[in-house]
Structures are given as structure tokens and as C-alpha cells.
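Shown below: structure13.pdb, with PDB, C-alpha atoms.
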ATOM      1  CA  MET O   1     243.738 123.088  48.759
ATOM      2  CA  THR O   2     245.221 119.858  47.454
ATOM      3  CA  THR O   3     244.264 116.809  49.495
ATOM      4  CA  ILE O   4     245.818 113.352  49.684
ATOM      5  CA  THR O   5     243.320 110.527  49.214
ATOM      6  CA  HIS O   6     243.646 106.805  49.867
ATOM      7  CA  ARG O   7     242.350 103.628  48.257
ATOM      8  CA  GLN O   8     243.196  99.984  47.553
ATOM      9  CA  VAL O   9     244.372  99.150  44.028
ATOM     10  CA  GLU O  10     244.877  95.738  42.453
ATOM     11  CA  SER O  11     248.322  95.316  40.905
ATOM     12  CA  THR O  12     248.685  92.884  38.023
ATOM     13  CA  SER O  13     251.198  91.123  40.304
ATOM     14  CA  GLY O  14     248.163  89.851  42.233
ATOM     15  CA  LEU O  15     248.744  92.045  45.284
ATOM     16  CA  SER O  16     246.104  94.475  46.540
ATOM     17  CA  MET O  17     248.050  97.622  47.404
ATOM     18  CA  HIS O  18     247.148 100.628  49.501
ATOM     19  CA  ILE O  19     248.029 103.866  47.754
ATOM     20  CA  ALA O  20     248.052 107.511  48.751
ATOM     21  CA  GLU O  21     247.530 109.821  45.792
ATOM     22  CA  ALA O  22     246.992 113.408  44.759
ATOM     23  CA  GLY O  23     246.507 115.299  41.514
ATOM     24  CA  SER O  24     246.017 114.282  37.905
ATOM     25  CA  GLY O  25     248.283 114.206  34.876
ATOM     26  CA  PRO O  26     251.404 112.183  34.034
ATOM     27  CA  LEU O  27     251.943 109.434  36.604
ATOM     28  CA  VAL O  28     254.747 109.619  39.174
ATOM     29  CA  LEU O  29     255.186 106.621  41.496
ATOM     30  CA  LEU O  30     256.882 107.350  44.829
ATOM     31  CA  LEU O  31     258.444 104.309  46.509
ATOM     32  CA  HIS O  32     259.344 104.406  50.193
ATOM     33  CA  GLY O  33     262.209 102.651  51.947
ATOM     34  CA  PHE O  34     262.824 100.814  55.244
ATOM     35  CA  PRO O  35     261.266 101.202  57.733
ATOM     36  CA  GLU O  36     258.803 103.688  56.306
ATOM     37  CA  SER O  37     255.517 103.857  54.362
ATOM     38  CA  TRP O  38     253.668 106.100  51.920
ATOM     39  CA  TYR O  39     253.829 108.770  54.649
ATOM     40  CA  SER O  40     257.493 109.485  53.944
ATOM     41  CA  TRP O  41     256.331 111.162  50.683
ATOM     42  CA  ARG O  42     253.747 113.426  52.355
ATOM     43  CA  HIS O  43     255.554 116.580  51.210
ATOM     44  CA  GLN O  44     256.071 115.416  47.620
ATOM     45  CA  LEU O  45     252.525 114.192  46.977
ATOM     46  CA  VAL O  46     251.052 117.674  47.304
ATOM     47  CA  ALA O  47     253.883 119.498  45.526
ATOM     48  CA  LEU O  48     253.786 117.187  42.504
ATOM     49  CA  ALA O  49     249.999 117.296  42.322
ATOM     50  CA  GLU O  50     249.965 121.092  42.353
ATOM     51  CA  ALA O  51     252.494 121.074  39.502
ATOM     52  CA  GLY O  52     250.206 118.995  37.294
ATOM     53  CA  TYR O  53     251.204 115.399  38.029
ATOM     54  CA  HIS O  54     249.352 112.353  39.320
ATOM     55  CA  ALA O  55     251.485 111.511  42.355
ATOM     56  CA  VAL O  56     251.000 108.046  43.846
ATOM     57  CA  ALA O  57     252.795 106.644  46.902
ATOM     58  CA  PRO O  58     251.960 102.992  47.634
ATOM     59  CA  ASP O  59     252.601 101.082  50.795
ATOM     60  CA  GLN O  60     254.906  98.532  49.244
ATOM     61  CA  ARG O  61     254.771  94.761  49.693
ATOM     62  CA  GLY O  62     254.828  93.841  53.393
ATOM     63  CA  TYR O  63     254.064  97.357  54.614
ATOM     64  CA  GLY O  64     251.099  99.160  56.137
ATOM     65  CA  ALA O  65     247.656  98.622  54.678
ATOM     66  CA  THR O  66     249.119  96.649  51.750
ATOM     67  CA  GLY O  67     250.604  93.823  53.795
ATOM     68  CA  GLY O  68     251.745  90.717  51.995
ATOM     69  CA  PRO O  69     252.652  87.063  52.272
ATOM     70  CA  ASP O  70     254.741  85.599  55.086
ATOM     71  CA  GLU O  71     257.149  83.590  52.912
ATOM     72  CA  VAL O  72     260.603  85.171  52.750
ATOM     73  CA  ASP O  73     261.137  84.345  49.074
ATOM     74  CA  GLN O  74     258.092  86.418  48.099
ATOM     75  CA  TYR O  75     260.043  89.653  48.648
ATOM     76  CA  SER O  76     262.532  89.583  45.796
ATOM     77  CA  LEU O  77     263.186  92.565  43.550
ATOM     78  CA  LEU O  78     261.226  90.837  40.812
ATOM     79  CA  HIS O  79     258.180  90.698  43.079
ATOM     80  CA  LEU O  80     258.654  94.297  44.224
ATOM     81  CA  SER O  81     259.150  95.798  40.768
ATOM     82  CA  GLY O  82     256.264  93.664  39.495
ATOM     83  CA  ASP O  83     254.008  95.155  42.162
ATOM     84  CA  VAL O  84     254.950  98.688  41.166
ATOM     85  CA  LEU O  85     254.722  98.322  37.405
ATOM     86  CA  GLY O  86     251.555  96.295  37.880
ATOM     87  CA  LEU O  87     249.832  99.423  39.233
ATOM     88  CA  LEU O  88     249.911 101.178  35.864
ATOM     89  CA  PRO O  89     246.784  99.567  34.331
ATOM     90  CA  ALA O  90     244.695 100.252  37.437
ATOM     91  CA  LEU O  91     245.882 103.872  37.472
ATOM     92  CA  GLY O  92     245.043 104.350  33.797
ATOM     93  CA  ALA O  93     248.634 104.965  32.738
ATOM     94  CA  ASP O  94     250.746 103.542  29.936
ATOM     95  CA  ARG O  95     254.021 104.794  31.445
ATOM     96  CA  ALA O  96     255.283 106.364  34.655
ATOM     97  CA  VAL O  97     258.225 108.082  36.243
ATOM     98  CA  VAL O  98     259.428 105.944  39.138
ATOM     99  CA  VAL O  99     261.041 107.602  42.168
ATOM    100  CA  GLY O 100     262.473 105.591  45.056
ATOM    101  CA  HIS O 101     264.185 106.330  48.360
ATOM    102  CA  ASP O 102     266.336 103.903  50.367
ATOM    103  CA  TRP O 103     265.025 100.375  49.536
ATOM    104  CA  GLY O 104     262.547 102.005  47.184
ATOM    105  CA  ALA O 105     265.489 103.134  45.043
ATOM    106  CA  PRO O 106     266.592  99.591  44.038
ATOM    107  CA  VAL O 107     262.944  98.871  43.188
ATOM    108  CA  ALA O 108     262.877 101.989  40.998
ATOM    109  CA  TRP O 109     266.222 101.189  39.326
ATOM    110  CA  THR O 110     265.148  97.577  38.737
ATOM    111  CA  SER O 111     261.816  98.678  37.261
ATOM    112  CA  ALA O 112     263.678 100.942  34.822
ATOM    113  CA  LEU O 113     266.133  98.167  33.969
ATOM    114  CA  LEU O 114     263.494  95.515  33.321
ATOM    115  CA  ARG O 115     260.823  97.611  31.602
ATOM    116  CA  PRO O 116     262.245 100.761  29.999
ATOM    117  CA  ASP O 117     259.167 100.805  27.777
ATOM    118  CA  LEU O 118     257.033 101.536  30.850
ATOM    119  CA  VAL O 119     259.409 103.891  32.694
ATOM    120  CA  ARG O 120     259.670 107.458  31.333
ATOM    121  CA  GLY O 121     262.323 108.346  33.862
ATOM    122  CA  VAL O 122     263.785 107.089  37.123
ATOM    123  CA  VAL O 123     264.998 108.902  40.233
ATOM    124  CA  GLY O 124     266.885 107.373  43.138
ATOM    125  CA  LEU O 125     267.213 109.101  46.501
ATOM    126  CA  SER O 126     270.046 107.984  48.777
ATOM    127  CA  VAL O 127     270.799 104.682  47.008
ATOM    128  CA  PRO O 128     272.480 104.713  43.574
ATOM    129  CA  PRO O 129     272.100 101.934  41.028
ATOM    130  CA  PHE O 130     274.630  99.129  41.435
ATOM    131  CA  PRO O 131     275.747  96.666  38.762
ATOM    132  CA  ARG O 132     275.211  92.992  39.447
ATOM    133  CA  GLY O 133     278.442  91.827  41.059
ATOM    134  CA  PRO O 134     280.514  88.655  40.758
ATOM    135  CA  MET O 135     278.919  86.933  43.778
ATOM    136  CA  PRO O 136     275.784  87.069  45.949
ATOM    137  CA  LEU O 137     275.650  90.210  48.076
ATOM    138  CA  LEU O 138     275.522  88.559  51.489
ATOM    139  CA  GLN O 139     278.552  86.475  50.649
ATOM    140  CA  LEU O 140     280.334  89.678  49.634
ATOM    141  CA  PHE O 141     279.221  91.574  52.744
ATOM    142  CA  ARG O 142     280.321  88.796  55.089
ATOM    143  CA  GLN O 143     283.665  88.609  53.330
ATOM    144  CA  LEU O 144     284.327  92.353  53.309
ATOM    145  CA  LEU O 145     282.432  93.693  56.333
ATOM    146  CA  GLY O 146     281.891  90.765  58.705
ATOM    147  CA  HIS O 147     278.913  89.370  60.564
ATOM    148  CA  THR O 148     278.120  92.605  62.422
ATOM    149  CA  TYR O 149     277.342  94.561  59.260
ATOM    150  CA  TYR O 150     273.711  95.558  59.748
ATOM    151  CA  MET O 151     272.388  93.812  56.613
ATOM    152  CA  VAL O 152     274.058  90.584  57.735
ATOM    153  CA  HIS O 153     272.684  91.102  61.252
ATOM    154  CA  PHE O 154     269.188  91.310  59.756
ATOM    155  CA  GLN O 155     269.502  87.756  58.413
ATOM    156  CA  GLN O 156     268.968  86.209  61.877
ATOM    157  CA  PRO O 157     265.333  85.069  61.979
ATOM    158  CA  GLY O 158     263.298  86.900  64.585
ATOM    159  CA  VAL O 159     266.159  88.877  66.143
ATOM    160  CA  ALA O 160     265.846  92.355  64.604
ATOM    161  CA  ASP O 161     262.129  91.685  64.177
ATOM    162  CA  ALA O 162     261.590  91.435  67.941
ATOM    163  CA  GLU O 163     263.911  94.318  68.787
ATOM    164  CA  LEU O 164     262.257  96.787  66.407
ATOM    165  CA  ALA O 165     258.704  95.711  67.308
ATOM    166  CA  ARG O 166     259.238  95.926  71.077
ATOM    167  CA  ASP O 167     258.409  99.647  71.119
ATOM    168  CA  PRO O 168     257.713 101.053  67.613
ATOM    169  CA  TYR O 169     257.693 104.649  68.826
ATOM    170  CA  THR O 170     261.186 104.300  70.308
ATOM    171  CA  THR O 171     262.342 102.480  67.191
ATOM    172  CA  PHE O 172     261.294 105.341  64.915
ATOM    173  CA  ARG O 173     262.538 108.058  67.249
ATOM    174  CA  THR O 174     265.925 106.311  67.380
ATOM    175  CA  VAL O 175     266.266 105.467  63.687
ATOM    176  CA  LEU O 176     264.884 108.702  62.231
ATOM    177  CA  ALA O 177     266.234 111.214  64.741
ATOM    178  CA  GLY O 178     269.298 109.413  66.118
ATOM    179  CA  ARG O 179     272.778 109.591  64.669
ATOM    180  CA  PRO O 180     274.316 106.308  63.465
ATOM    181  CA  ARG O 181     277.601 105.311  65.021
ATOM    182  CA  LEU O 182     279.784 104.254  62.099
ATOM    183  CA  SER O 183     283.044 102.327  62.240
ATOM    184  CA  ALA O 184     286.401 103.945  61.562
ATOM    185  CA  ASP O 185     285.855 102.976  57.916
ATOM    186  CA  GLN O 186     282.430 104.668  57.970
ATOM    187  CA  VAL O 187     280.506 101.378  57.834
ATOM    188  CA  ALA O 188     277.258 100.657  59.696
ATOM    189  CA  LEU O 189     278.183  97.855  62.112
ATOM    190  CA  VAL O 190     275.979  96.572  64.929
ATOM    191  CA  PRO O 191     277.980  96.564  68.203
ATOM    192  CA  GLU O 192     279.080  93.054  69.127
ATOM    193  CA  GLY O 193     276.450  91.357  71.277
ATOM    194  CA  SER O 194     274.023  94.251  70.875
ATOM    195  CA  GLY O 195     271.038  95.116  68.718
ATOM    196  CA  PHE O 196     270.479  97.260  65.655
ATOM    197  CA  LEU O 197     269.163 100.211  67.663
ATOM    198  CA  ASP O 198     272.381 100.257  69.691
ATOM    199  CA  MET O 199     274.075 101.441  66.495
ATOM    200  CA  PHE O 200     272.497 104.884  67.036
ATOM    201  CA  THR O 201     273.039 107.653  69.535
ATOM    202  CA  LEU O 202     269.749 108.410  71.274
ATOM    203  CA  PRO O 203     268.313 111.802  70.294
ATOM    204  CA  THR O 204     267.510 114.345  72.992
ATOM    205  CA  ASP O 205     265.419 116.546  70.692
ATOM    206  CA  LEU O 206     263.716 116.003  67.372
ATOM    207  CA  PRO O 207     265.146 117.692  64.275
ATOM    208  CA  ASP O 208     263.048 120.468  62.792
ATOM    209  CA  TRP O 209     261.854 118.225  59.935
ATOM    210  CA  LEU O 210     260.331 115.594  62.245
ATOM    211  CA  THR O 211     257.407 115.982  64.666
ATOM    212  CA  GLU O 212     255.867 113.898  67.397
ATOM    213  CA  ASP O 213     252.849 113.414  65.120
ATOM    214  CA  ASP O 214     255.132 112.020  62.408
ATOM    215  CA  LEU O 215     256.623 109.521  64.860
ATOM    216  CA  ALA O 216     253.173 108.529  66.079
ATOM    217  CA  HIS O 217     252.022 107.937  62.516
ATOM    218  CA  PHE O 218     254.944 105.650  61.658
ATOM    219  CA  ALA O 219     254.678 103.790  64.975
ATOM    220  CA  ALA O 220     250.958 103.162  64.504
ATOM    221  CA  GLU O 221     251.520 101.712  61.032
ATOM    222  CA  PHE O 222     253.930  99.113  62.437
ATOM    223  CA  ALA O 223     252.193  98.431  65.746
ATOM    224  CA  THR O 224     250.007  95.616  64.394
ATOM    225  CA  ASN O 225     252.039  93.834  61.712
ATOM    226  CA  GLY O 226     255.558  94.442  62.984
ATOM    227  CA  PHE O 227     258.790  94.444  61.007
ATOM    228  CA  THR O 228     259.261  90.867  59.750
ATOM    229  CA  ARG O 229     257.821  91.344  56.271
ATOM    230  CA  PRO O 230     259.825  94.551  55.673
ATOM    231  CA  LEU O 231     262.962  92.761  56.903
ATOM    232  CA  ASN O 232     262.273  90.039  54.346
ATOM    233  CA  TRP O 233     263.455  92.488  51.694
ATOM    234  CA  TYR O 234     266.951  92.189  53.212
ATOM    235  CA  ARG O 235     266.611  88.421  53.469
ATOM    236  CA  ASN O 236     266.297  88.211  49.679
ATOM    237  CA  LEU O 237     269.622  89.834  48.855
ATOM    238  CA  ASP O 238     271.195  86.623  47.606
ATOM    239  CA  ASN O 239     267.967  85.539  45.940
ATOM    240  CA  ASN O 240     267.994  88.810  43.981
ATOM    241  CA  TRP O 241     271.485  88.070  42.691
ATOM    242  CA  TYR O 242     270.414  84.696  41.309
ATOM    243  CA  LEU O 243     267.130  85.966  39.856
ATOM    244  CA  THR O 244     268.729  88.883  38.011
ATOM    245  CA  ALA O 245     271.333  86.764  36.211
ATOM    246  CA  PRO O 246     269.648  87.322  32.801
ATOM    247  CA  TRP O 247     270.308  91.070  33.189
ATOM    248  CA  HIS O 248     273.987  90.801  34.074
ATOM    249  CA  ASP O 249     275.790  93.812  32.534
ATOM    250  CA  ALA O 250     272.480  95.218  31.251
ATOM    251  CA  ARG O 251     272.157  98.995  31.368
ATOM    252  CA  ILE O 252     269.465 101.253  32.785
ATOM    253  CA  LEU O 253     268.360 103.265  29.748
ATOM    254  CA  PRO O 254     265.628 105.755  30.785
ATOM    255  CA  PRO O 255     266.612 109.303  31.796
ATOM    256  CA  ALA O 256     267.784 109.155  35.395
ATOM    257  CA  LEU O 257     268.629 111.295  38.405
ATOM    258  CA  LEU O 258     270.345 110.533  41.720
ATOM    259  CA  ILE O 259     269.766 112.722  44.785
ATOM    260  CA  VAL O 260     272.043 112.189  47.796
ATOM    261  CA  GLY O 261     272.459 113.870  51.181
ATOM    262  CA  GLU O 262     276.041 114.837  51.890
ATOM    263  CA  HIS O 263     275.859 113.154  55.323
ATOM    264  CA  ASP O 264     273.997 110.034  54.175
ATOM    265  CA  LEU O 265     275.431 106.876  55.752
ATOM    266  CA  VAL O 266     274.864 104.993  52.462
ATOM    267  CA  VAL O 267     277.636 107.011  50.796
ATOM    268  CA  ALA O 268     279.622 107.803  53.930
ATOM    269  CA  ASN O 269     282.714 105.759  53.021
ATOM    270  CA  ASP O 270     285.243 106.551  50.312
ATOM    271  CA  GLY O 271     284.527 103.348  48.385
ATOM    272  CA  ALA O 272     280.863 104.191  47.964
ATOM    273  CA  ARG O 273     281.615 107.715  46.840
ATOM    274  CA  ALA O 274     284.246 106.514  44.388
ATOM    275  CA  GLY O 275     281.698 104.133  42.886
ATOM    276  CA  LEU O 276     279.465 107.048  41.940
ATOM    277  CA  ALA O 277     282.026 108.115  39.339
ATOM    278  CA  ALA O 278     281.358 104.975  37.293
ATOM    279  CA  LEU O 279     277.563 105.149  37.326
ATOM    280  CA  ASN O 280     277.253 106.342  33.742
ATOM    281  CA  ASP O 281     278.576 102.985  32.554
ATOM    282  CA  LEU O 282     275.491 101.411  34.116
ATOM    283  CA  ALA O 283     273.022 104.244  33.477
ATOM    284  CA  PRO O 284     274.198 106.194  30.405
ATOM    285  CA  ASN O 285     271.380 108.757  30.688
ATOM    286  CA  LEU O 286     272.043 109.537  34.355
ATOM    287  CA  ALA O 287     272.457 113.225  35.137
ATOM    288  CA  GLU O 288     275.188 114.526  37.418
ATOM    289  CA  PRO O 289     274.300 113.442  40.993
ATOM    290  CA  LEU O 290     272.647 116.145  43.085
ATOM    291  CA  TRP O 291     274.238 116.493  46.523
ATOM    292  CA  LEU O 292     272.113 118.113  49.224
ATOM    293  CA  PRO O 293     274.121 119.940  51.904
ATOM    294  CA  ASP O 294     273.339 119.399  55.587
ATOM    295  CA  CYS O 295     271.208 116.349  54.717
ATOM    296  CA  GLY O 296     271.359 112.822  56.066
ATOM    297  CA  HIS O 297     269.627 109.629  54.978
ATOM    298  CA  TRP O 298     265.936 110.621  55.182
ATOM    299  CA  THR O 299     266.293 112.765  52.101
ATOM    300  CA  GLN O 300     262.778 113.782  51.048
ATOM    301  CA  GLN O 301     261.686 114.323  54.649
ATOM    302  CA  GLU O 302     264.757 116.300  55.685
ATOM    303  CA  LYS O 303     264.886 118.529  52.605
ATOM    304  CA  PRO O 304     261.396 118.546  51.068
ATOM    305  CA  LYS O 305     261.747 121.906  49.334
ATOM    306  CA  GLU O 306     265.028 120.969  47.653
ATOM    307  CA  VAL O 307     263.826 117.483  46.697
ATOM    308  CA  ASN O 308     260.566 118.850  45.281
ATOM    309  CA  GLN O 309     262.469 121.398  43.215
ATOM    310  CA  ALA O 310     264.825 118.727  41.866
ATOM    311  CA  LEU O 311     261.994 116.331  41.036
ATOM    312  CA  LEU O 312     259.986 118.986  39.219
ATOM    313  CA  GLY O 313     263.027 120.099  37.242
ATOM    314  CA  PHE O 314     263.681 116.508  36.200
ATOM    315  CA  LEU O 315     260.028 115.792  35.365
ATOM    316  CA  ASP O 316     259.554 118.971  33.378
ATOM    317  CA  GLY O 317     262.606 118.133  31.294
ATOM    318  CA  LEU O 318     261.353 114.730  30.171
ATOM    319  CA  ALA O 319     260.010 114.189  26.686
ATOM    320  CA  ASP O 320     256.359 113.176  26.422
TER     321      ASP O 320
END
Just give me the structure as C-alpha cells.
Amino acid sequence: MTTITHRQVESTSGLSMHIAEAGSGPLVLLLHGFPESWYSWRHQLVALAEAGYHAVAPDQRGYGATGGPDEVDQYSLLHLSGDVLGLLPALGADRAVVVGHDWGAPVAWTSALLRPDLVRGVVGLSVPPFPRGPMPLLQLFRQLLGHTYYMVHFQQPGVADAELARDPYTTFRTVLAGRPRLSADQVALVPEGSGFLDMFTLPTDLPDWLTEDDLAHFAAEFATNGFTRPLNWYRNLDNNWYLTAPWHDARILPPALLIVGEHDLVVANDGARAGLAALNDLAPNLAEPLWLPDCGHWTQQEKPKEVNQALLGFLDGLAD
């Protein structure tokens, strides 16, 4: 029986990172999103290992047993991709396939953009690659979506931090099992004068892919260190725009795959879906996006069998 083991690994970025790993063979890095941890890849770690791969899921900067600095500006995409690619020497690998879900997807896409020599292939779940736009993202969001857009809401120091940390179990039950209330334009807006969790309908029962033990695991990981460091990823959106100026109009060259749930709030509006048609301009080796029916945002947890099958098909098709 394949087991998942844990250890601390020193990244060349200077950060000591907790990793969960299984198997041996070509390296596959699995990058979680917000507000998750290595545990969101529990189904993929075993499946990839049993197929002959070294599957590694780190707690990323600011999360779980990895932790990280308090300074907001230490959570840029350059820091995050540096952490991930900096694991390769310690893991004995020259190259890796990088797979990311939610916030982990931009880290994966950025890693492939910056260091195609180190990235054999890249897979994004939920979040597609986006070209660098004409202005900082927060400026764009405020202009187009207003101050209640959830990423803008997250910019208020201490506000979402306190709300999410008040009862981590309730936070995870609400966010993972609840249904987001979207605007008429299918945009995630925080109700005026309310909190982020008020954007969700409260679940009465857990979906079949989520257990009480799963919720307890996530809640325990956030009970001590809270949500501020993970929220710092959002608080670097404008910083990322400035830092990535040298790669404006650069293309993501490694072989690539995008996996999206048909009910995912990230691509719920028509504008987001229309943007998928132009992705090959940015990533010329991107395969046709894979849409998973009856699947929401928590892709690899909701549909582990389908995601595992897609990942293995992609991995097996890569050149050595």
C-alpha cells in the first residue's frame, strides 16, 4: 500500500518548506490554493505514485507547517514560484511537471513562464493563465467590479483575517461545502456591510467528496497561524503586475493543460469563458481545456478519479 510521508525541505529561495510526498520517478509538484494545504492533493499523491511518479505537495509560503514571513511584500509571485522551483535540487530533480489549483495555478503558470528549462509541463486546475494586462489588477478590479469584489474586500488589513479565523471549522464548512451567491453578472461580490462568508449559502449536508475528518484536518492546520499570511497572496496583486513587467507579452512555452469544473465560479461569467478562446496566444502548447461536468471550484477534491486520469494522460504523453 502506498503511503504519504512528510518532511521539511530547504528551498533555494531560503524557505524551509513542509512537503507531503509519495512514490519515486519523474517529479510532479502539486500546488494547493486558498485556503487549503497539501491535504487538498491527498487523492492525487497516491495515484501518481502508483503510476510511477514522485508526487510532492508542499505547504506553500504562509501555509501550514511551512509558515513564512509576516511582511506582505514577501508573498509575490516571484517569491512563490522561487519557492517551488527551489525545491528541485533538494528533491534530486533537474526538471518537474508543475500542477496548480486555484492560487496554485498562477504559481504553476508563472514557474513555466519564468523557467521553461526547469518545467517539463504545466497543468492549471480552475484558474487559466492570464496575460499581463495594461494596468495593475486591483485598479482594474475596482474599476470594473467595485469595492465589494471579494479580492478587493481582502485588501482591508485584518478584516477577512479575523472573520475567517474566528471559527476555522465553520469557515471551511462554509467555503468548501457552501454555494457562492454570485451577482446577476456571475461575479463573486461580498454583500454590502457583510463579510466574505456571507457570500455563501450555508450547507445543510456535506457533499459526498467531503467528510467531517477532512474539515477537521483543514481547520486544525489554520487554528494556530490563522489566515493573514495566505491572504497576503491577494495583497500582492498589484505588486505582481509591477514585478512581472520584464515578461510582458512573453509566452508560456512548455506543454500545458487546463482542467476546469463546469460550475466553477472562476469561469462562471461569459467574459471569463470567452477569454479561454484566446489562451493559445499566451500558451501555444496548451491542449484543449478539459471541462469536468457536475464539478465546482474544488476540482481535484470533487472529481479525484477524473483529475487523476487527466493528469496521468498528460504526464504519460510528455517527452523525456
*asked:* Could you tell me how far atom CA of O:Arg173 sits from atom CA of O:Glu212, in Å to one decimal place?
replied: 8.9 Å
_6 Å contact set for stretch 153-169 of chain O, all atoms listed in the file, chain neighbours under 2 positions out, as a list in words_ =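 The residues that qualify are Thr148, Tyr150, Met151, Thr171, Phe172, Ala219, Gly226, Phe227, Thr228 and Arg235 of chain O.
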*asked:* Evaluated on this file, the PyMOL selection byres ((chain O and resi 96) around 12) picks out some residues - which ones are they, written as a PyMOL selection string?
replied: chain O and resi 25-30+53-56+84-89+91-95+97-99+108+111-112+115-123+254+315+318+320
*Within 10 Å of stretch 303-309 of chain O using all atoms listed in the file, minus same-chain residues under 4 positions, as a PyMOL selection string*: chain O and resi 41-48+125+209+259-261+290+292-296+298-299+313-315
*What gap, in Å, lies between atom CA of O:Gln186 and atom CA of O:Tyr149?*
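Atom CA of O:Tyr149 lies 11.4 Å from atom CA of O:Gln186.
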Taking all atoms of stretch 93-98 of chain O that the file lists and extending 4 Å past them on each side, where is the centre of the axis-aligned box and how long are its edges? Answer in Å to one decimal, as lines of an AutoDock Vina configuration file.
center_x = 254.0
center_y = 105.8
center_z = 34.5
size_x = 18.8
size_y = 12.5
size_z = 17.2
*Write out as a PyMOL selection string each polymer residue whose atoms come within 10 Å of O:Leu202, counting all atoms listed in the file; drop sequence neighbours fewer than 3 positions from it.*
chain O and resi 170+173-175+177-180+197-199+205
*Which residues come within 12 Å of O:Ser11, counting only C-alpha atoms, excluding same-chain residues fewer than 2 positions away, as a VMD selection string?*
chain O and resid 8 to 9 13 to 19 58 60 to 61 66 79 to 92
*asked:* Between O:His101, O:Arg251, O:Arg229, O:His6, which residue has the minimum interatomic distance to O:Asp264, considering all atoms listed in the file?
replied: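 Among the listed residues, O:His101 lies closest to O:Asp264.
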*Interatomic distance (Å, one decimal) between atom CA of O:Met1 and atom CA of O:Ser37*: 23.2 Å
For stretch 184-191 of chain O, supply all heavy atoms and format the output as a PDB file, keeping the file's coordinate frame.
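result.pdb, written as the output of this step:
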ATOM      1  N   ALA O 184     285.327 103.061  62.028  1.00  0.00           N
ATOM      2  CA  ALA O 184     286.401 103.945  61.562  1.00  0.00           C
ATOM      3  C   ALA O 184     286.420 104.043  60.040  1.00  0.00           C
ATOM      4  O   ALA O 184     286.855 105.052  59.471  1.00  0.00           O
ATOM      5  CB  ALA O 184     287.750 103.446  62.084  1.00  0.00           C
ATOM      6  N   ASP O 185     285.940 102.985  59.379  1.00  0.00           N
ATOM      7  CA  ASP O 185     285.855 102.976  57.916  1.00  0.00           C
ATOM      8  C   ASP O 185     284.514 103.493  57.415  1.00  0.00           C
ATOM      9  O   ASP O 185     284.176 103.318  56.246  1.00  0.00           O
ATOM     10  CB  ASP O 185     286.087 101.559  57.387  1.00  0.00           C
ATOM     11  CG  ASP O 185     287.476 101.046  57.700  1.00  0.00           C
ATOM     12  OD1 ASP O 185     288.413 101.867  57.707  1.00  0.00           O
ATOM     13  OD2 ASP O 185     287.627  99.836  57.936  1.00  0.00           O
ATOM     14  N   GLN O 186     283.738 104.089  58.321  1.00  0.00           N
ATOM     15  CA  GLN O 186     282.430 104.668  57.970  1.00  0.00           C
ATOM     16  C   GLN O 186     281.433 103.613  57.475  1.00  0.00           C
ATOM     17  O   GLN O 186     280.707 103.817  56.496  1.00  0.00           O
ATOM     18  CB  GLN O 186     282.595 105.779  56.920  1.00  0.00           C
ATOM     19  CG  GLN O 186     283.443 106.959  57.391  1.00  0.00           C
ATOM     20  CD  GLN O 186     282.799 107.672  58.592  1.00  0.00           C
ATOM     21  OE1 GLN O 186     281.757 108.294  58.463  1.00  0.00           O
ATOM     22  NE2 GLN O 186     283.418 107.565  59.750  1.00  0.00           N
ATOM     23  N   VAL O 187     281.407 102.482  58.169  1.00  0.00           N
ATOM     24  CA  VAL O 187     280.506 101.378  57.834  1.00  0.00           C
ATOM     25  C   VAL O 187     279.539 101.181  59.001  1.00  0.00           C
ATOM     26  O   VAL O 187     279.907 101.323  60.166  1.00  0.00           O
ATOM     27  CB  VAL O 187     281.289 100.080  57.556  1.00  0.00           C
ATOM     28  CG1 VAL O 187     280.340  98.917  57.298  1.00  0.00           C
ATOM     29  CG2 VAL O 187     282.215 100.275  56.358  1.00  0.00           C
ATOM     30  N   ALA O 188     278.287 100.846  58.678  1.00  0.00           N
ATOM     31  CA  ALA O 188     277.258 100.657  59.696  1.00  0.00           C
ATOM     32  C   ALA O 188     277.342  99.258  60.292  1.00  0.00           C
ATOM     33  O   ALA O 188     276.824  98.297  59.724  1.00  0.00           O
ATOM     34  CB  ALA O 188     275.876 100.903  59.090  1.00  0.00           C
ATOM     35  N   LEU O 189     277.998  99.137  61.439  1.00  0.00           N
ATOM     36  CA  LEU O 189     278.183  97.855  62.112  1.00  0.00           C
ATOM     37  C   LEU O 189     277.398  97.840  63.415  1.00  0.00           C
ATOM     38  O   LEU O 189     277.429  98.799  64.181  1.00  0.00           O
ATOM     39  CB  LEU O 189     279.664  97.602  62.398  1.00  0.00           C
ATOM     40  CG  LEU O 189     280.622  97.630  61.209  1.00  0.00           C
ATOM     41  CD1 LEU O 189     282.057  97.379  61.685  1.00  0.00           C
ATOM     42  CD2 LEU O 189     280.224  96.600  60.162  1.00  0.00           C
ATOM     43  N   VAL O 190     276.699  96.747  63.673  1.00  0.00           N
ATOM     44  CA  VAL O 190     275.979  96.572  64.929  1.00  0.00           C
ATOM     45  C   VAL O 190     276.988  96.210  66.015  1.00  0.00           C
ATOM     46  O   VAL O 190     277.797  95.287  65.824  1.00  0.00           O
ATOM     47  CB  VAL O 190     274.912  95.465  64.795  1.00  0.00           C
ATOM     48  CG1 VAL O 190     274.224  95.207  66.132  1.00  0.00           C
ATOM     49  CG2 VAL O 190     273.892  95.836  63.724  1.00  0.00           C
ATOM     50  N   PRO O 191     277.011  96.892  67.147  1.00  0.00           N
ATOM     51  CA  PRO O 191     277.980  96.564  68.203  1.00  0.00           C
ATOM     52  C   PRO O 191     277.890  95.093  68.603  1.00  0.00           C
ATOM     53  O   PRO O 191     276.797  94.535  68.709  1.00  0.00           O
ATOM     54  CB  PRO O 191     277.567  97.483  69.362  1.00  0.00           C
ATOM     55  CG  PRO O 191     276.852  98.615  68.702  1.00  0.00           C
ATOM     56  CD  PRO O 191     276.140  98.022  67.520  1.00  0.00           C
TER      57      PRO O 191
END
